[in-house]
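Beneath this line is the structure, given in structure tokens, with notes to follow.
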Amino acid sequence: MQKFFYKVADLLFSVSIPDGFDPEILLPSCRPFVAECSENDNNSAFSVEAVPSLERPSDAVLYTTETNDMGRTEVYVSAQAYYFSIAFNGSEARLLTDSDFTCAKVALDWGSKYCGVLLNSVLRMVFAQSVLAHQGISMHACCVAVDGKAYLFMGKSGTGKSTHSRQWLKSFEGSYLLNDDNPVVRLIDGTKAIVYGTPWSGKTACYRNESLPVGGIARLSQAPHNKFVAKTDVAAFVEIYPGCSVLRNDSRLDGLLCDTLSELVTLVPVGHLECLPDPESALECRSGFSK
């Protein structure tokens, strides 16, 4: 068994896979996040270890079933653990993790050409829950960097997050995409909010190991006009919460999210942008953040 270390959002984690597999090939999006670490390091936020097989705990009950472009995922919850079955193009990954998401085991068909895709999905799932204990939130958002700050755009699939990001890239010199689907925001010392690039960026290969202060967060909705409406306190919380990754039936994890999010909305501008897919929407949004 081989063990490799990665660091995402300043959080270290380890991945143990069978001998003979090259992580450079298996997990290409993780290459920028490789961390040098000794086998005896105990500072990891979580670990994922490959095992020959896994069975669903006998007391586990179905929590939810999700179907998207990453296949079909079934999540089961038991008294002490979570169990995931992830099916993708005829291949399956089985994941068993403790309730804190600090220790995870995964069973894969290592002969499948999709084993790397499934392993990367496992890492994303575990990280999204583990980061909650570190005042972090994995968000379903597009993130653009400009002038030393990063701006996040949220909304339901198909709302136009990537389209709006492109308007920023066209409108503001020196702007660039930090992440197109799954950035992470963390609170540092309770005084600043930092957004990090991650190995998970949807269908866009944008895997930047960078971090910047959050300049603003906007939820988007399509409209026949461009209008930015600033949100504060509870209204700001409500705008962001639906796009945050958390197992909502888990009161502990959801409580960690809510605590972090309650602080976050006091530190950064939040708004709702009703918008057209045009450059003026980017100008309206940035102006709204600056007011």
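The chains in the structure tokens are called A, B, ... from first to last as shown; in each chain the residues are counted from 1, and the ligands are counted from 1 in the order shown.
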Would you return as a list in words the members of segment 52-225 of chain A that DSSP assigns to alpha helix (DSSP H) on this structure's backbone?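 Matching residues, listed in order: Cys115, Gly116, Val117, Leu118, Leu119, Asn120, Ser121, Val122, Leu123, Arg124, Met125, Val126, Phe127, Ala128, Gln129, Ser130, Lys161, Ser162, Thr163, His164, Ser165, Arg166, Gln167, Trp168, Leu169, Lys170 and Ser171 of chain A.
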Review point. How would you write, as a ChimeraX atom specification, the set of residues in segment 23-137 of chain A that DSSP gives as strand (DSSP E or B)?
Key: /A:34,46-50,61-68,71-77,81-88,91-98,103-108,136-137
_Nearby residues (only C-alpha atoms) at most 12 Å from Thr163 of chain A, same-chain spacing under 2 positions excluded, as a ChimeraX atom specification_ = /A:142-144,153-155,157-161,165-170,177,180,220-222,275-279,281-282
Now that the selection is made, can you save its residues with N, CA and C atoms as a CSV table (one decimal), in the first residue's frame?
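Written out: selection-v1.csv:
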chain,number,residue,atom,x,y,z
A,142,CYS,N,-19.0,29.3,-8.8
A,142,CYS,CA,-17.9,29.7,-9.6
A,142,CYS,C,-17.1,30.9,-8.9
A,143,CYS,N,-15.8,30.9,-9.1
A,143,CYS,CA,-15.0,31.9,-8.4
A,143,CYS,C,-14.0,32.6,-9.3
A,144,VAL,N,-14.1,33.9,-9.4
A,144,VAL,CA,-13.2,34.7,-10.2
A,144,VAL,C,-12.3,35.6,-9.3
A,153,PHE,N,-19.9,33.2,-7.2
A,153,PHE,CA,-21.2,33.3,-7.8
A,153,PHE,C,-21.9,32.0,-7.7
A,154,MET,N,-23.1,32.0,-7.0
A,154,MET,CA,-23.8,30.8,-6.7
A,154,MET,C,-25.1,30.8,-7.4
A,155,GLY,N,-25.8,29.6,-7.4
A,155,GLY,CA,-27.1,29.5,-8.0
A,155,GLY,C,-27.3,28.1,-8.5
A,157,SER,N,-28.0,24.8,-10.8
A,157,SER,CA,-27.4,24.4,-12.1
A,157,SER,C,-28.3,25.0,-13.2
A,158,GLY,N,-27.6,25.5,-14.2
A,158,GLY,CA,-28.2,26.1,-15.3
A,158,GLY,C,-28.6,27.6,-15.1
A,159,THR,N,-28.3,28.2,-14.0
A,159,THR,CA,-28.6,29.6,-13.7
A,159,THR,C,-27.7,30.5,-14.5
A,160,GLY,N,-26.5,30.1,-14.8
A,160,GLY,CA,-25.5,30.9,-15.5
A,160,GLY,C,-24.3,31.3,-14.8
A,161,LYS,N,-23.9,30.5,-13.8
A,161,LYS,CA,-22.7,30.9,-13.0
A,161,LYS,C,-21.5,31.0,-13.9
A,165,SER,N,-19.3,34.3,-14.8
A,165,SER,CA,-17.9,34.4,-14.6
A,165,SER,C,-17.1,34.9,-15.9
A,166,ARG,N,-17.6,34.4,-17.0
A,166,ARG,CA,-16.9,34.8,-18.3
A,166,ARG,C,-17.1,36.3,-18.5
A,167,GLN,N,-18.2,36.9,-18.1
A,167,GLN,CA,-18.4,38.3,-18.2
A,167,GLN,C,-17.4,39.1,-17.4
A,168,TRP,N,-17.1,38.6,-16.2
A,168,TRP,CA,-16.0,39.2,-15.4
A,168,TRP,C,-14.7,39.1,-16.1
A,169,LEU,N,-14.4,37.9,-16.7
A,169,LEU,CA,-13.1,37.7,-17.3
A,169,LEU,C,-13.0,38.7,-18.5
A,170,LYS,N,-14.1,38.9,-19.2
A,170,LYS,CA,-14.0,39.8,-20.4
A,170,LYS,C,-14.0,41.3,-19.9
A,177,LEU,N,-10.0,32.8,-13.6
A,177,LEU,CA,-10.9,31.9,-12.9
A,177,LEU,C,-10.1,31.1,-11.9
A,180,ASP,N,-14.2,26.7,-10.9
A,180,ASP,CA,-15.5,26.8,-11.7
A,180,ASP,C,-16.6,26.0,-11.1
A,220,LEU,N,-27.1,34.2,-8.1
A,220,LEU,CA,-27.6,34.7,-9.4
A,220,LEU,C,-29.0,34.2,-9.7
A,221,SER,N,-29.7,35.0,-10.4
A,221,SER,CA,-31.0,34.5,-11.1
A,221,SER,C,-31.1,35.2,-12.4
A,222,GLN,N,-31.7,34.5,-13.4
A,222,GLN,CA,-31.9,35.1,-14.7
A,222,GLN,C,-33.0,36.1,-14.7
A,275,CYS,N,-29.9,39.1,-13.4
A,275,CYS,CA,-28.9,39.4,-14.5
A,275,CYS,C,-29.3,38.9,-15.8
A,276,LEU,N,-28.7,39.6,-16.8
A,276,LEU,CA,-28.7,39.1,-18.2
A,276,LEU,C,-27.3,38.5,-18.4
A,277,PRO,N,-27.1,37.7,-19.5
A,277,PRO,CA,-25.8,37.2,-19.8
A,277,PRO,C,-25.0,38.2,-20.6
A,278,ASP,N,-24.7,39.4,-20.0
A,278,ASP,CA,-23.9,40.4,-20.8
A,278,ASP,C,-22.9,41.1,-19.9
A,279,PRO,N,-21.9,41.8,-20.5
A,279,PRO,CA,-20.9,42.4,-19.7
A,279,PRO,C,-21.4,43.4,-18.6
A,281,SER,N,-23.7,43.0,-16.6
A,281,SER,CA,-24.1,42.3,-15.4
A,281,SER,C,-22.8,42.2,-14.5
A,282,ALA,N,-21.6,42.1,-15.1
A,282,ALA,CA,-20.4,42.0,-14.3
A,282,ALA,C,-20.2,43.4,-13.6
Subject >> Non-local contacts of Ala230 of chain A (9 Å; only C-alpha atoms; under 6 positions in same chain excluded) as a ChimeraX atom specification >> reply: /A:218,236,269-273,288-289,291
Selected residues written out with N, CA and C atoms, as a PDB file, in the first residue's frame:
ATOM      1  N   ALA A 218     -22.338  36.346  -4.449  1.00  0.00           N
ATOM      2  CA  ALA A 218     -23.639  36.701  -5.025  1.00  0.00           C
ATOM      3  C   ALA A 218     -24.368  35.448  -5.491  1.00  0.00           C
ATOM      4  N   ALA A 236     -28.679  37.376   4.083  1.00  0.00           N
ATOM      5  CA  ALA A 236     -27.420  36.949   3.467  1.00  0.00           C
ATOM      6  C   ALA A 236     -27.183  35.463   3.716  1.00  0.00           C
ATOM      7  N   PRO A 269     -19.224  41.138   1.703  1.00  0.00           N
ATOM      8  CA  PRO A 269     -20.454  41.583   1.046  1.00  0.00           C
ATOM      9  C   PRO A 269     -21.189  40.403   0.412  1.00  0.00           C
ATOM     10  N   VAL A 270     -22.496  40.381   0.574  1.00  0.00           N
ATOM     11  CA  VAL A 270     -23.340  39.335   0.004  1.00  0.00           C
ATOM     12  C   VAL A 270     -24.496  40.010  -0.727  1.00  0.00           C
ATOM     13  N   GLY A 271     -24.887  39.452  -1.851  1.00  0.00           N
ATOM     14  CA  GLY A 271     -26.002  40.036  -2.576  1.00  0.00           C
ATOM     15  C   GLY A 271     -26.682  39.048  -3.489  1.00  0.00           C
ATOM     16  N   HIS A 272     -27.796  39.478  -4.055  1.00  0.00           N
ATOM     17  CA  HIS A 272     -28.519  38.706  -5.074  1.00  0.00           C
ATOM     18  C   HIS A 272     -28.453  39.511  -6.360  1.00  0.00           C
ATOM     19  N   LEU A 273     -27.992  38.868  -7.427  1.00  0.00           N
ATOM     20  CA  LEU A 273     -27.877  39.539  -8.715  1.00  0.00           C
ATOM     21  C   LEU A 273     -28.900  38.985  -9.687  1.00  0.00           C
ATOM     22  N   GLY A 288     -22.036  46.638  -7.004  1.00  0.00           N
ATOM     23  CA  GLY A 288     -22.850  46.333  -5.832  1.00  0.00           C
ATOM     24  C   GLY A 288     -22.011  45.871  -4.646  1.00  0.00           C
ATOM     25  N   PHE A 289     -20.979  45.095  -4.934  1.00  0.00           N
ATOM     26  CA  PHE A 289     -20.085  44.629  -3.855  1.00  0.00           C
ATOM     27  C   PHE A 289     -19.335  45.798  -3.207  1.00  0.00           C
ATOM     28  N   LYS A 291     -20.262  48.884  -2.749  1.00  0.00           N
ATOM     29  CA  LYS A 291     -21.052  49.880  -2.035  1.00  0.00           C
ATOM     30  C   LYS A 291     -21.202  49.538  -0.560  1.00  0.00           C
TER      31      LYS A 291
END
(Q) So that I can see what lies close to Thr65 of chain A, please list as a PyMOL selection string the residues with an atom at most 10 Å from it, counting only C-alpha atoms and leaving out residues fewer than 2 positions away in the same chain. (A) chain A and resi 62-63+67+72-76+84-86
Residues within 8 Å of Leu27 of chain A, please, as a VMD selection string. Count only C-alpha atoms; anything in the same chain fewer than 5 positions from it doesn't count. chain A and resid 116 to 117 119 to 120
